[in-house]
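Undergrad: Quick one: the structure is below, questions incoming.
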Amino acid sequence: MATEASSNLKKVQVRRFKPKEEPEHNYLNAEKGIWSWLTTVDHKRIGVMYLASVVFFFFVGGVMALLLRTELWTPAKTFIEANTYNQLFTLHGAIMVFLFLVPSIPAALGNFLLPIQLGAKDVAFPKLNLLSYYLYLIGATIVVYAMLSGGVDTGWTFYTPYSTSTDGAITAMVFGIFVIGFSSILTGVNFITTIHKMRAPGLSWSKLSLFSWSLYATSIIQILATPVLAITLSLIAMERILGIGIFDPALGGDPVLFQHFFWFYSHPAVYIMIVPGFGVVSEVITTFSRKHIFGYWAIALSSLAIAFIGFLVWGHHMFVSGQATLASMVFSFLTFLVGIPTGIKMFNWAATLYKGSIKLQSPLLFIFGFFFLFLIGGFTGIVLGTIALDVHLHDTYYVVAHFHFVMVGGMVMAFMAGVHYWWPKMFGRMYNEMLAKIACLTIFIGFNVTFLPQFVMGAQGMPRRYYNYIEQFQIFHQVSTIGSYILGLGFLLVFIYLVKSLINGEKAPANPWGSRGLEWQVSSPPPQHNFNHTPVIVHGPYDYHQPMDEFQLGLAESGNGHGHADHQDIKIDRDEPNREL
Amino acid sequence: MANDSTATSHPKYHLHHFVDAEQQFDSAKMGMWVFLVTEILFFGGLFAAYIVYRAWYPDLFTEASTELNTLLGTINTIVLIGSSLTVAMAIRAAQLNKTKQIAINLGITILLACAFMVIKYFEWTHKFHLGIFPGEFYTYEGIAHPKASVFFSIYYLMTGLHGIHVIIGIGLMTWLLIKALKGEFGSQYYTPVEITGLYWHLVDIIWIFLFPLFYLIE
Amino acid sequence: MTGHHISTYKTLLGVGGALLILTLLTVGVRYLHLPHPWAIIVAMGIAIFKASLVALFFMNLWWDKRFNTMLLLSSLVFFGLLVGFTLLDTLYRPSIIPGF
């Protein structure tokens with residue numbers, strides 16, 4: 001490729017690479033046998049393994065939730081002992097947060113899609129990617145071992161001094177979570193480097209998909225916050241093993257200091273959990289309204305804003321812990337601030353839908369569920385961020401309802417949307433659309449029946465994590481329990497028709513939704529190396545007004561695209577008819 | 001269209017998913033810097049604990065730090081700075097394709113790192129001798145302040161975590177040394193030396209802060 | 001590989017020498033018994049300067065892509081946030097129990 005002497009622009013010859021329909025060779029059948037899966041460095045296979053694992057743990061955590069809700073049917077003991085109950089809510093929380101929510105979208109969907117959306121052949125460090133997955137499995141095994149060997153009943157928040165002095169397999173549990181955290185850190189390292197260094201020619205930052213932007217923001221949070229969790233967990237272990245008294249008042253320490261360190265990670269962690277979901281929302285909304293996203297830079301940069309401000313609010317978990325009033329006031333104010341970038345996203349998404357050509361298919365329906373439920377979850381977060389209100393609501397079911405609205409109503413709905421949206425891409429099969437719509441409705445109804453009563457009883461004073469309660473709350477608990485079964489049925493239905501689609505689902509075309517995204521310009525399922533050419537990007541992924549073939553361009557030369565084409569200097573000359581750019 | 005990914009031949013250290021060696025090297029360096037960010041925040045939690053407790057109990061810190069041997073701490077600081085210098089020399093040797101000097105410099109770095117651990121061993125065992133143990137095992141009576149065990153707990157935690165990182169560094173550099181002796185590094189490819197060097201310099205930087213914070217309080 | 005800065009012996013030994021001198025300086029300053037708070041300010045100032053020399057000239061940030069420097073600086077910013085906001089609590093607790 002000769003560089004023109006008169007300008008910095010390189011001329012490259014491109015041609016169209018139409019994706020193959022029903023490809024004979026794809027990443028699923030490229031190599032056969034279980035060993036090829038266990039030793040794979042293909043980001044797509046790693047993503048699929050993560051998907052299977054997080055779904056498994058979602059069900060484990062979900063079964064625990066159903067057991068908890070069943071126990072709460074009556075005010076006194078229903079069928080579980082008090083100590084078992086404490087272990088169940090601890091594990092439900094720990095498994096859902098660390099083994100499901102944190103890895104779900106980034107590790108499962110992100111791993112699969114990020115390189116393809118960037119026009120790359122893999123992530124920057126494929127072997128590190130496989131290591132991340134194995135660390136996740138090892139950590140998960142240790143957590144399960146802890147669960148079965150001594151049990152943990154501290155709550156997923158491991159507050160001191162209880163966690164440092166009680167019996168049980170706490171040390172093993174925190175070690176397991178430490179290992180999982182390390183997995184999360186390595187994924188963050190991989191994604192940041194991949195997004196910076198592996199973009200295809202022409203893919204400038206302004207053409208990056210919003211899903212990629214969300215993974216970028218998430219990875220930034222992961223690398224800055226998770227290490228602090230790691231040291232905090234190490235300190236719990238040190239206190240248990242060596243009696244180091246950093247958090248123990250009897251030994252001269254301060255238990256509130258634990259809470260500072262714990263929440264410095266755990267608050268940004270909730271943004272690790274939701275921001276990738278926001279990315280999915282952007283992708284699904286644009287595809288199913290066939291319209292350019294409203295306010296691309298507002299959405300992209302608001303993810304970064306959330307990532308940053310999210311580090312400044314952790315003290316809102318500690319208003320009643322004995323924290324100094326000055327600190328509480330500062331944290332409360334900043335908590336109000338963090339809602340603003342999220343609000344901006346909600347408005348922009350609504351504006352994208354406005355006057356779009358809307359297709360009411362299941363991924364979009366899950367997103368509508370997200371809208372309603374996350375809105376409530378977000379607003380109630382602001383309520384809890386108000387110190388005076390929080391004094392009354394702290395440690396009640398109001399908090400439980402709030403975080404389930406954002407995590408399940410927000411994040412899990414977004415995850416469902418993403419899984420449904422990209423299912424044809426990942427597995428080359430379409431699922432049953434009618435069943436998907438039914439499942440979406442079931443989940444939505446079940447969720448509301450489960451968690452709306454919890455706001456009410458929380459405001460009336462029902463404490464969280466309580467095994468027993470007074471008579472006046474029974475009706476709320478019973479409605480909530482019924483809702484939880486409906487919710488469980490909904491998820492079960494999803495699992496059934498998705499698995500069925502793998503067996504005999506209709507074969508998926510390369511681009512069933514007519515999206516302009518780069519991942520839809522390769523076949524379903526994708527080839528082993530994603531692209532058999534070097535993609536050249538000339539439009540952003542939401543330019544629905546441009547013809548589809550301009551999203552399928554690649555370097556016309558043979559060879560593996562060796563030779564360095566810098567992303568910044570690709571320019572299309574529109575007047576030239578024969579596509580020599 | 002044929003699958004082109006096996007078309008050209010290139011050396012085994014050039015990985016397929018990268019366009020060229022330049023992209024691969026820059027990516028490795030960026031990845032290591034991102035990892036160093038996580039290390040800084042990891043130690044940062046302990047530095048935060050130090051700052052909180054020193055702000056609460058300044059007299060304790062002044063008194064307890066007299067138990068630490070300033071001379072040994074200074075020597076250790078110089079030892080680590082020296083090892084940073086030699087690992088930088090190793091990278092320079094690689095860039096200039098002086099393969100034997102890579103191994104020599106790596107070897108000296110490892111020796112200096114081991115010297116650091118030896119001195120640390122003597123420091124710690126001396127304290128154990130006095131009954132200065134971490135946490136609830138603390139029995140030393142020589143410091144009047146009731147919270148004395150907290151200072152030493154933080155001391156053992158921070159120098160201990162730092163020591164673990166030194167040991168990991170020794171392991172990594174030994175692995176590099178073996179590869180260097182086999183002639184696997186040169187001006188065409190020395191990425192593992194570069195990124196291990198970055199890790200080692202961070203270990204040095206952390207000690208640069210630990211030294212005055214524990215040994216030079218007055 | 002193009003574009004990799006190769007440090008000269010002069011640079012490396014010079015920086016190493018400077019670090020040695022600064023180490024001896026910081027030990028020496030300790031015996032000057034500076035009044036509080038200058039002792040800790042000077043000690044940390046020297047440490048920051050030493051760390052900067054290592055980062056810039058041993059870790060080659062001086063000649064490297066600016067993004068890597070941004071990574072380092074941003075990690076320090078977030079460390080600062082951790083410490084700063086925690087101190088906002090721990091330094092402003094009301095002393096309810098005397099002598100605690």
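Chain identifiers are assigned as A, B, and so on, following the order in which chains appear in the structure tokens; residues are numbered from 1 within each chain, and ligands are numbered from 1 in order of appearance.
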Excluding Ile168 (chain B) and residues on its chain fewer than 3 positions from it, collect all residues at most 12 Å away from it, counting only C-alpha atoms, and give them as a CSV table (one decimal) with N, CA, C and O atoms, in the first residue's frame.
TA:
```csv
chain,number,residue,atom,x,y,z
B,110,ILE,N,18.5,-11.0,40.3
B,110,ILE,CA,18.0,-12.1,41.2
B,110,ILE,C,18.8,-12.2,42.5
B,110,ILE,O,18.2,-12.3,43.6
B,113,ALA,N,17.8,-9.4,44.7
B,113,ALA,CA,16.4,-9.6,45.2
B,113,ALA,C,16.5,-10.6,46.4
B,113,ALA,O,15.9,-10.5,47.4
B,114,CYS,N,17.4,-11.6,46.2
B,114,CYS,CA,17.5,-12.6,47.3
B,114,CYS,C,18.2,-12.0,48.5
B,114,CYS,O,17.8,-12.3,49.6
B,117,MET,N,15.6,-10.4,50.5
B,117,MET,CA,14.8,-11.3,51.3
B,117,MET,C,15.6,-11.8,52.5
B,117,MET,O,15.1,-12.0,53.6
B,161,LEU,N,3.4,-8.6,52.4
B,161,LEU,CA,2.8,-8.7,51.1
B,161,LEU,C,3.9,-8.2,50.0
B,161,LEU,O,4.0,-8.8,48.9
B,162,HIS,N,4.7,-7.2,50.4
B,162,HIS,CA,5.7,-6.8,49.5
B,162,HIS,C,6.7,-7.9,49.3
B,162,HIS,O,7.2,-8.2,48.2
B,163,GLY,N,7.1,-8.6,50.4
B,163,GLY,CA,8.0,-9.7,50.3
B,163,GLY,C,7.5,-10.8,49.4
B,163,GLY,O,8.2,-11.4,48.6
B,164,ILE,N,6.2,-11.1,49.5
B,164,ILE,CA,5.6,-12.1,48.6
B,164,ILE,C,5.8,-11.7,47.1
B,164,ILE,O,6.1,-12.5,46.3
B,165,HIS,N,5.6,-10.4,46.9
B,165,HIS,CA,5.8,-9.9,45.5
B,165,HIS,C,7.2,-10.0,45.1
B,165,HIS,O,7.5,-10.2,43.9
B,171,GLY,N,11.0,-15.5,41.1
B,171,GLY,CA,10.5,-16.7,40.3
B,171,GLY,C,10.4,-16.3,38.9
B,171,GLY,O,10.9,-17.0,38.0
B,172,LEU,N,9.8,-15.2,38.6
B,172,LEU,CA,9.6,-14.8,37.2
B,172,LEU,C,11.0,-14.5,36.5
B,172,LEU,O,11.2,-14.9,35.4
B,173,MET,N,11.9,-13.9,37.3
B,173,MET,CA,13.2,-13.6,36.6
B,173,MET,C,14.1,-14.8,36.5
B,173,MET,O,14.9,-14.9,35.6
B,174,THR,N,13.9,-15.8,37.4
B,174,THR,CA,14.6,-17.0,37.2
B,174,THR,C,14.1,-17.7,35.9
B,174,THR,O,15.0,-18.2,35.1
B,175,TRP,N,12.8,-17.7,35.7
B,175,TRP,CA,12.3,-18.3,34.4
B,175,TRP,C,12.9,-17.5,33.2
B,175,TRP,O,13.2,-18.1,32.2
B,196,THR,N,8.3,-8.0,32.6
B,196,THR,CA,8.7,-8.4,34.0
B,196,THR,C,9.5,-7.3,34.6
B,196,THR,O,9.4,-7.0,35.8
B,199,TYR,N,7.1,-4.9,36.1
B,199,TYR,CA,6.6,-5.4,37.4
B,199,TYR,C,7.6,-5.2,38.5
B,199,TYR,O,7.3,-4.7,39.6
B,200,TRP,N,8.9,-5.5,38.2
B,200,TRP,CA,9.9,-5.4,39.2
B,200,TRP,C,10.1,-3.9,39.7
B,200,TRP,O,10.3,-3.6,40.8
B,203,VAL,N,7.6,-3.1,42.2
B,203,VAL,CA,7.9,-3.6,43.5
B,203,VAL,C,8.9,-2.7,44.2
B,203,VAL,O,8.9,-2.4,45.4
```
Undergrad: Given a cut-off of 7 Å, which residues of chain C touch chain B, counting only C-alpha atoms, written out as number ranges by chain?
TA: C: 1, 6-7, 12, 16, 20, 27, 30, 43, 47, 51, 54, 58-59, 68, 71-72, 75, 79, 83, 87, 90
Undergrad: Name the residues in contact with Glu283 (chain A) at a cut-off of 9 Å, using only C-alpha atoms, excluding same-chain residues fewer than 2 positions from it; report them as JSON, numbers by chain.
TA: {"A": [209, 210, 211, 278, 279, 280, 281, 285, 286, 287, 288, 293, 418, 517, 542]}
Undergrad: At a cut-off of 10 Å, using only C-alpha atoms, what residues contact Ile105 (chain A)? Leave out same-chain residues fewer than 4 positions from it and give the result as a ChimeraX atom specification.
TA: /A:47,50-51,54,100-101,109-112,215,272-277,279-280,411-412,414-416,418-419
Undergrad: Select residues of chain C: the criterion is any atom within 10 Å of an atom of chain A, counting only C-alpha atoms; output as number ranges by chain.
TA: C: 67, 74-75, 78-79, 81-83, 85-94, 100
Undergrad: Between CA of Ala108 (chain A) and CA of Thr90 (chain A), what distance in Å does the model show, to one decimal?
TA: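 It comes out at 24.5 Å.
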Undergrad: Can you list, as a PyMOL selection string, all residues belonging to region 32-155 of chain B that DSSP tags as helix (DSSP H, G or I)?
TA: chain B and resi 32-56+58-67+70-95+99-130+135-137+148-155
Undergrad: Give me, as a CSV table (one decimal) with N, CA, C and O atoms, in the first residue's frame, all polymer residues having an atom no more than 7 Å from Gly458 (chain A), counting only C-alpha atoms and skipping those fewer than 3 positions away in the same chain.
TA:
```
chain,number,residue,atom,x,y,z
A,393,LEU,N,-35.0,3.4,56.6
A,393,LEU,CA,-35.1,2.3,55.7
A,393,LEU,C,-33.9,1.4,55.7
A,393,LEU,O,-34.0,0.3,55.1
A,396,THR,N,-33.9,-2.6,56.0
A,396,THR,CA,-35.2,-3.1,55.8
A,396,THR,C,-35.4,-3.8,54.5
A,396,THR,O,-34.5,-3.7,53.6
A,397,TYR,N,-36.6,-4.3,54.2
A,397,TYR,CA,-36.9,-4.9,52.9
A,397,TYR,C,-37.0,-3.8,51.8
A,397,TYR,O,-37.0,-4.2,50.7
A,398,TYR,N,-37.0,-2.6,52.2
A,398,TYR,CA,-37.0,-1.5,51.2
A,398,TYR,C,-35.7,-1.6,50.4
A,398,TYR,O,-35.7,-1.5,49.2
A,454,GLN,N,-42.4,-5.9,48.8
A,454,GLN,CA,-41.2,-5.7,49.7
A,454,GLN,C,-40.9,-4.2,50.0
A,454,GLN,O,-40.4,-3.9,51.0
A,455,PHE,N,-41.2,-3.3,49.0
A,455,PHE,CA,-41.1,-1.9,49.3
A,455,PHE,C,-42.0,-1.5,50.4
A,455,PHE,O,-41.6,-0.8,51.3
A,461,GLY,N,-41.3,-1.2,58.1
A,461,GLY,CA,-40.3,-1.6,59.2
A,461,GLY,C,-39.9,-3.1,59.2
A,461,GLY,O,-39.1,-3.5,60.1
A,462,MET,N,-40.3,-3.9,58.2
A,462,MET,CA,-39.8,-5.3,58.2
A,462,MET,C,-38.3,-5.3,57.9
A,462,MET,O,-37.8,-4.9,56.8
A,463,PRO,N,-37.5,-5.8,58.8
A,463,PRO,CA,-36.1,-5.9,58.6
A,463,PRO,C,-35.7,-6.9,57.7
A,463,PRO,O,-36.3,-8.0,57.5
```
Undergrad: Choose the residue, out of A:Gly483, A:Gly369, A:Pro126, A:Pro227, that has the smallest atom-to-atom separation from chain B; count only C-alpha atoms.
TA: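 When distances to chain B are compared using only C-alpha atoms, the smallest one comes from A:Pro227.
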Undergrad: Please report the interatomic distance between CA of Lys355 (chain A) and CA of Gly295 (chain A) in Å with one decimal.
TA: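 For CA of Lys355 (chain A) relative to CA of Gly295 (chain A), the distance reads 15.1 Å.
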Undergrad: Quote the spacing between CA of Thr166 (chain A) and CA of Thr232 (chain A) in Å to one decimal place.
TA: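 Those two atoms sit 17.2 Å apart.
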